[in-house]
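So the structure is just underneath, and the comments pick up after that.
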Protein chains: 2
Amino acid sequence: MASCLIGRQLSLCVQKNLWLNSAGCRYVSKAAAKTQVEYDYDGPLMKTTVPGPRSQELTKQLGDIQNVGAVNFFCNYEDSRGNYLVDVDGNRMLDIYTQISSIPIGYNHPALLKLMTNPNNLSTFVNRPALGILPPENFPDKITESLLSIAPSGMTRVQTMACGSCANENAFKSIFIWYRNKERGHNTPSEEELTTCMTNQAPGCPDLSILSFMGGFHGRTLGCLATTHSKVIHKLDVPSFDWPVAPFPRLKYPLEEFSRENAQEEARCLEEVEDLIVKWRQKGKPVAGIIIEPIQAEGGDNHASPDFFRNLRNISRKHGCAFHVDEVQTGGGCTGKFWAHEHWGMDDPAEIVSFSKKLLTGGYYQKDELQADKPYRIFNTWMGDPSKNLFLVEVLNVIRRENLLEEVTRSGKALLNGLYELQAQYPGLLSRARGQGTFCAIDVRDAATRDRLLLQARDKGMLLGGCGDQSIRFRPALVFKEYHVHIFLNIFNDVLAQNK
Amino acid sequence: MASCLIGRQLSLCVQKNLWLNSAGCRYVSKAAAKTQVEYDYDGPLMKTTVPGPRSQELTKQLGDIQNVGAVNFFCNYEDSRGNYLVDVDGNRMLDIYTQISSIPIGYNHPALLKLMTNPNNLSTFVNRPALGILPPENFPDKITESLLSIAPSGMTRVQTMACGSCANENAFKSIFIWYRNKERGHNTPSEEELTTCMTNQAPGCPDLSILSFMGGFHGRTLGCLATTHSKVIHKLDVPSFDWPVAPFPRLKYPLEEFSRENAQEEARCLEEVEDLIVKWRQKGKPVAGIIIEPIQAEGGDNHASPDFFRNLRNISRKHGCAFHVDEVQTGGGCTGKFWAHEHWGMDDPAEIVSFSKKLLTGGYYQKDELQADKPYRIFNTWMGDPSKNLFLVEVLNVIRRENLLEEVTRSGKALLNGLYELQAQYPGLLSRARGQGTFCAIDVRDAATRDRLLLQARDKGMLLGGCGDQSIRFRPALVFKEYHVHIFLNIFNDVLAQNK
């Protein structure tokens with residue numbers, strides 16, 4: 001087929017680049033042998049610049065219906081496979097962004113297509129239930145096979161929700177309910193509480209708060225948005241809650257050179273957290289919960305040490321605040337463990353762990369005592385979508401069968417080493433390469449250059465995303481192998497060479 | 001088949017009831033001839049009390065994972081058909097609640113099953129995109145064929161979201177952004193706004209408010225919940241915004257007897273709305289928008305006259321507030337028109353109309369000027385789910401092909417007449433029968449009796465829901481025919497006779 005031929009030509013071109021840059025390139029490893037997933041393409045294939053003419057036409061059409069300022073291009077999902085996203089102009093791109101990190105095992109995975117052709121599964125798609133009142137027969141089993149089989153340490157309870165924002169909103173509500181019952185010493189509200197809550201007033205609607213971190217992202221609905229502090233565009237003009245915002249450590253790289261400074265920076269942030277908890281209690285707005293991402297994603301891929309998180313967890317215990325770990329972007333295996341917080345090595349990491357994206361359904365795990373004390377307190381019509389649980393069961397089967405967490409660790413190492421190499425090669429352009437598994441990032445000189453690099457990479461068949469002010473984030477699917485890392489590094493090297 | 005046989009026996013029993021109660025019963029009409037939809041069952045069929053042993057077993061199993069206090073029973077969705085929901089104990093119930101009003105054309109409709117077997121559709125289910133950045137090729141067409149084809153008057157723009165709460169949350173954000181730009185006179189924020197918004201403070205996060213109504217329900221995430229005032233259990237212990245809450249008219253029935261009192265009641269509420277708008281402006285928390293349901297559903301099926309809504313719309317215009325009509329429960333045809341607000345007869349009914357449930361996807365229509373001025377202001381990873389749009393196209397085809405809005409009007413008339421008859425027959429038990437299309441309700445003497453009636457009806461094969469303090473709400477699918485109305489009325493009559 002023509003496309004394969006061109007694929008091979010591009011592959012030759014890749015090899016040529018490897019050769020050109022071979023001396024000292026750590027990423028030209030023996031393991032780079034081509035071990036593609038079956039249903040994958042063999043390389044990018046570009047026919048037009050992106051967006052091509054058909055994408056532009058469709059963008060114009062959609063522009064009459066919606067704001068299309070964020071649309072990159074239109075996709076041909078039928079023809080997309082594995083790590084490759086195909087657009088409507090026939091361009092085939094190596095996808096290292098995967099729908100904002102939400103495609104776990106690549107496009108059109110055979111296991112998922114097969115699930116769709118099983119007639120026993122049809123009714124799950126066609127009849128979306130009100131899960132909280134009328135669950136389907138297989139719901140407990142499917143939840144057990146899927147979400148419970150990967151439950152974080154210490155958690156046996158899970159609640160699905162339609163998306164990540166709804167997951168966090170409802171997790172907050174669980175936290176508030178738990179906290180108020182703790183304050184009361186019982187779960188019987190006063191007459192005054194019953195009356196005042198109906199008009200949004202205290203004590204029925206208490207002045208409680210959630211502590212969050214500058215640079216954090218936890219969603220965009222009004223409750224979540226009060227804990228999101230990554231970009232102005234998310235927050236401007238929207239009323240919010242007066243909740244405390246702590247600094248998140250800003251680590252210096254390479255970590256091994258700045259261990260003392262980084263430890264001091266983390267200590268400073270932890271001290272500020274405690275100060276804020278005390279201050280907000282004095283203000284009459286006690287901190288009921290602390291929410292944090294294991295790696296701040298949208299805010300710029302900001303990492304902190306396991307020690308930082310362990311100490312933060314202890315602070316939450318000391319002050320009686322629930323600890324809510326938001327794994328919406330980090331969860332699902334991309335750090336090499338199923339949950340990024342597993343890297344902290346704790347038996348009791350949190351009261352709540354929320355998820356969405358790669359898990360295909362939103363939701364949250366919680367410790368027993370966090371479960372709302374009465375029915376209908378945490379409730380809505382759909383409370384998730386059982387058809388997503390069906391897919392998730394298959395996704396987890398594939399992850400286990402194909403040892404994808406090990407693959408991620410391997411690919412992630414190759415990717416990070418390649419990024420180290422590139423930043424050494426282009427010191428004026430790149431810095432602060434960092435990552436865990438394939439959940440990697442690198443900083444670019446400035447925002448304008450970063451944005452230009454992203455577009456140039458895209459025109460060469462590589463789809464990447466930005467985050468923070470000047471970072472590029474890598475969010476490949478779990479089927480992104482070392483082979484793909486090398487395709488990326490070589491093409492990216494070309495792009496960088498143009499921008500020296 | 002045994003089930004059909006028993007179905008027929010029950011059908012005979014139904015006819016016997018008809019005969020017993022025939023004198024003066026308006027609901028024994030000639031049109032009651034059996035004109036079932038093809039894929040429907042021919043009547044309820046009960047094998048156990050509900051929940052049966054298998055449901056109880058599964059409830060226990062799920063109880064280790066989630067709060068199951070709201071679970072009614074577990075369902076066999078494979079065997080459910082049309083208006084009949086089958087449970088895991090083999091009980092077949094006439095479903096007049098339809099998953100809290102969210103099943104538009106009954107269970108396992110052949111048109112939807114057919115869609116699932118079309119291989120061209122598979123990739124839409126398997127590859128859920130980040131719609132705001134990488135929409136599928138057919139997205140503009142599918143949105144045009146589905147949501148735009150039924151757009152409310154004056155609206156050409158629509159934004160999908162994952163659920164009803166996310167729809168309202170994002171609609172609120174659109175309102176706030178629009179309102180602030182109007183206040184500024186331009187859309188360039190000050191340095192101070194850019195800085196303060198990052199820590200939730202004014203002026204970047206302004207003290208704007210949304211006016212809502214006592215008894216209203218608009219969702220349960222923190223922004224929505226600040227406008228929800230139907231039940232304590234939704235709101236208790238959750239921090240909220242100090243936003244104004246106006247009284248919703250409490251009409252007296254029958255309407256024709258109380259026209260003067262009801263007009264006065266509506267005038268009183270409208271006056272209060274204007275007072276609150278002035279008061280909140282003086283408080284420094286201007287009302288940016290007014291949100292209202294055309295019929296308050298969760299809050300007890302509270303109706304108001306078209307005049308009330310037209311006057312409220314004028315008040316919103318006068319004070320420069322956006323008018324947001326929440327059609328999450330009323331939309332989709334159940335009132336006999338596609339949108340309940342169409343009964344008001346206005347060319348310019350609102351700035352925003354939100355939907356979910358029967359529309360299968362959440363979202364909202366908006367007037368051009370309400371669309372956010374920049375990309376990424378209204379945004380999240382999924383922004384809906386194109387597989388739901390596929391289903392919606394088919395649902396709308398069925399509604400048109402089978403003239404289901406006319407059917408709803410006809411069935412609704414039969415249902416409401418039947419309810420009038422029953423309340424005349426059981427004056428100590430029932431009152432205030434009301435409705436539009438099949439979106440009907442009736443009040444029961446007290447909450448305990450209402451709850452008992454619901455359970456007794458369920459054990460006789462009829463699934464109904466409660467709302468408000470003491471109402472029963474009727475929320476059948478659009479394929480609920482006059483024939484089904486009569487099955488309901490007869491069985492319900494039996495239940496009432498037991499409770500005289």
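By order of appearance in the structure tokens: chains A, B, ..., then residues from 1 within every chain, and ligands from 1 in the order shown.
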
_Which residues are near Val158 (chain A)? Cut-off 10 Å, only C-alpha atoms, ignore same chain within fewer than 5 positions. Put them as a PyMOL selection string._
(chain A and resi 143-144+147-148+151+352-354+363-368+371) or (chain B and resi 64-67)

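The gap separating CA of Glu482 (chain A) from CA of Arg410 (chain A) is 7.0 Å, in Å to one decimal.
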
_Residue contacts of Gly204 (chain B) (7 Å, only C-alpha atoms) excluding same-chain residues fewer than 3 positions away, as a ChimeraX atom specification_ = /A:236-237 /B:193-194,196-197,201

Restrict the selected residues to C-alpha atoms and save them as a PDB file, in the first residue's frame.
ATOM      1  CA  LEU A 236     -11.186  35.078  35.030  1.00  0.00           C
ATOM      2  CA  ASP A 237     -14.696  36.494  35.575  1.00  0.00           C
TER       3      ASP A 237
ATOM      4  CA  GLU B 193      -8.122  41.201  37.511  1.00  0.00           C
ATOM      5  CA  LEU B 194      -5.486  38.929  35.989  1.00  0.00           C
ATOM      6  CA  THR B 196      -6.518  38.425  41.724  1.00  0.00           C
ATOM      7  CA  CYS B 197      -8.379  35.730  39.805  1.00  0.00           C
ATOM      8  CA  GLN B 201     -10.320  37.084  44.791  1.00  0.00           C
TER       9      GLN B 201
END

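When CA of Ser431 (chain A) is paired with CA of Tyr253 (chain A), their separation reads 8.2 Å.
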
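Closest approach to Gln296 (chain A) among A:Lys460, A:Arg260, A:Lys114, A:Arg250 is made by A:Arg250 (distances from only C-alpha atoms).
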
*Give me, please, the distance in Å between CA of Val232 (chain B) and CA of Leu464 (chain B), quoted to one decimal.*
22.0 Å

_Selection near Phe217 (chain B), 12 Å with only C-alpha atoms, sequence-local residues under 6 positions removed, as a ChimeraX atom specification_ = /A:198,380 /B:164-165,168,223-232,234-235,248,291-302,325-330,467-468

Atoms to include: N, CA and C atoms. Write the selected residues as a short mmCIF file (atom, residue, chain, number, x, y, z; two decimals), in the first residue's frame.
data_model
loop_
_atom_site.label_atom_id
_atom_site.label_comp_id
_atom_site.auth_asym_id
_atom_site.auth_seq_id
_atom_site.Cartn_x
_atom_site.Cartn_y
_atom_site.Cartn_z
N MET A 198 -31.29 25.67 52.95
CA MET A 198 -32.15 25.83 51.78
C MET A 198 -31.95 27.18 51.08
N ASN A 380 -26.70 11.73 41.37
CA ASN A 380 -27.24 12.47 40.23
C ASN A 380 -27.88 11.45 39.30
N GLY B 164 -25.91 17.00 32.87
CA GLY B 164 -26.72 18.18 33.13
C GLY B 164 -26.05 19.18 34.06
N SER B 165 -25.39 18.69 35.09
CA SER B 165 -24.70 19.60 36.01
C SER B 165 -23.59 20.36 35.29
N ASN B 168 -25.08 23.09 33.18
CA ASN B 168 -25.46 24.31 33.91
C ASN B 168 -24.24 25.06 34.43
N GLY B 223 -21.53 24.91 41.97
CA GLY B 223 -22.17 26.06 41.34
C GLY B 223 -23.67 25.82 41.17
N CYS B 224 -24.01 24.69 40.57
CA CYS B 224 -25.42 24.33 40.37
C CYS B 224 -26.15 24.26 41.70
N LEU B 225 -25.50 23.67 42.68
CA LEU B 225 -26.15 23.43 43.97
C LEU B 225 -26.54 24.75 44.64
N ALA B 226 -25.80 25.82 44.33
CA ALA B 226 -26.15 27.13 44.89
C ALA B 226 -27.46 27.65 44.30
N THR B 227 -27.95 27.02 43.24
CA THR B 227 -29.23 27.43 42.63
C THR B 227 -30.32 26.38 42.84
N THR B 228 -29.96 25.30 43.51
CA THR B 228 -30.89 24.20 43.79
C THR B 228 -31.48 24.38 45.18
N HIS B 229 -32.80 24.32 45.27
CA HIS B 229 -33.45 24.53 46.58
C HIS B 229 -34.68 23.65 46.67
N SER B 230 -34.50 22.36 46.44
CA SER B 230 -35.65 21.47 46.47
C SER B 230 -35.68 20.60 47.72
N LYS B 231 -34.51 20.09 48.13
CA LYS B 231 -34.51 19.20 49.31
C LYS B 231 -33.27 19.43 50.16
N VAL B 232 -33.43 19.33 51.46
CA VAL B 232 -32.33 19.48 52.41
C VAL B 232 -31.18 18.52 52.10
N HIS B 234 -29.94 17.45 49.53
CA HIS B 234 -29.03 17.87 48.46
C HIS B 234 -28.00 18.88 48.95
N LYS B 235 -28.37 19.68 49.94
CA LYS B 235 -27.61 20.90 50.22
C LYS B 235 -26.85 20.91 51.55
N PHE B 248 -41.16 30.68 44.15
CA PHE B 248 -41.81 30.21 42.92
C PHE B 248 -43.30 30.14 43.23
N ILE B 291 -31.99 31.70 36.62
CA ILE B 291 -32.20 30.33 36.12
C ILE B 291 -33.54 29.81 36.63
N ILE B 292 -34.25 29.13 35.74
CA ILE B 292 -35.58 28.62 36.11
C ILE B 292 -35.93 27.40 35.26
N GLU B 293 -36.67 26.48 35.85
CA GLU B 293 -37.24 25.36 35.10
C GLU B 293 -38.64 25.76 34.61
N PRO B 294 -39.02 25.36 33.42
CA PRO B 294 -40.38 25.65 32.94
C PRO B 294 -41.44 24.98 33.82
N ILE B 295 -41.09 23.80 34.35
CA ILE B 295 -41.91 23.16 35.38
C ILE B 295 -40.92 22.66 36.43
N GLN B 296 -41.03 23.12 37.66
CA GLN B 296 -40.11 22.63 38.70
C GLN B 296 -40.37 21.15 38.91
N ALA B 297 -39.39 20.31 38.61
CA ALA B 297 -39.62 18.86 38.59
C ALA B 297 -39.31 18.23 39.96
N GLU B 298 -38.03 18.10 40.26
CA GLU B 298 -37.60 17.52 41.53
C GLU B 298 -38.32 18.18 42.71
N GLY B 299 -38.57 19.48 42.59
CA GLY B 299 -39.18 20.26 43.67
C GLY B 299 -40.67 20.02 43.84
N GLY B 300 -41.28 19.19 43.00
CA GLY B 300 -42.69 18.87 43.23
C GLY B 300 -43.62 19.14 42.05
N ASP B 301 -43.09 19.19 40.84
CA ASP B 301 -43.90 19.48 39.65
C ASP B 301 -44.75 20.73 39.86
N ASN B 302 -44.05 21.84 40.09
CA ASN B 302 -44.72 23.12 40.27
C ASN B 302 -44.78 23.85 38.94
N VAL B 325 -33.04 29.11 30.85
CA VAL B 325 -34.12 28.14 31.04
C VAL B 325 -33.52 26.74 31.11
N ASP B 326 -33.72 26.09 32.23
CA ASP B 326 -33.16 24.76 32.45
C ASP B 326 -34.19 23.73 32.02
N GLU B 327 -33.92 23.10 30.87
CA GLU B 327 -34.86 22.08 30.34
C GLU B 327 -34.28 20.68 30.48
N VAL B 328 -33.45 20.49 31.49
CA VAL B 328 -32.85 19.17 31.67
C VAL B 328 -33.92 18.09 31.84
N GLN B 329 -34.96 18.39 32.62
CA GLN B 329 -36.00 17.37 32.81
C GLN B 329 -37.20 17.59 31.90
N THR B 330 -37.49 18.84 31.56
CA THR B 330 -38.69 19.11 30.76
C THR B 330 -38.45 18.96 29.26
N CYS B 467 -41.79 13.17 43.84
CA CYS B 467 -41.09 14.45 43.78
C CYS B 467 -41.71 15.39 44.79
N GLY B 468 -40.98 16.43 45.17
CA GLY B 468 -41.48 17.34 46.20
C GLY B 468 -41.75 16.58 47.48
#

*Would you return as JSON, numbers by chain the members of region 91-330 of chain B that DSSP assigns to alpha helix (DSSP H) on this structure's backbone?*
{"B": [98, 99, 100, 101, 110, 111, 112, 113, 114, 115, 116, 117, 122, 123, 124, 125, 126, 139, 140, 141, 142, 143, 144, 145, 164, 165, 166, 167, 168, 169, 170, 171, 172, 173, 174, 175, 176, 177, 178, 179, 180, 181, 182, 183, 184, 191, 192, 193, 194, 195, 196, 222, 223, 224, 225, 232, 233, 234, 235, 259, 260, 261, 262, 263, 264, 265, 266, 267, 268, 269, 270, 271, 272, 273, 274, 275, 276, 277, 278, 279, 280, 281, 282, 306, 307, 308, 309, 310, 311, 312, 313, 314, 315, 316, 317, 318]}

*List the neighbours of region 387-403 of chain A out to 6 Å using only C-alpha atoms; skip same-chain residues closer than 6 positions along the sequence, and give me the result as a ChimeraX atom specification.*
/A:124-125,146,360-361

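For the residues A:Ser356, A:Ser316, A:Thr335, A:Ser305, ranking by smallest atom-to-atom distance to chain B using only C-alpha atoms places A:Ser356 first.
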
*For chain B, which residue out of A:Asp494, A:Glu57, A:Asp42, A:Glu169 is the nearest one, using only C-alpha atoms?*
A:Glu169
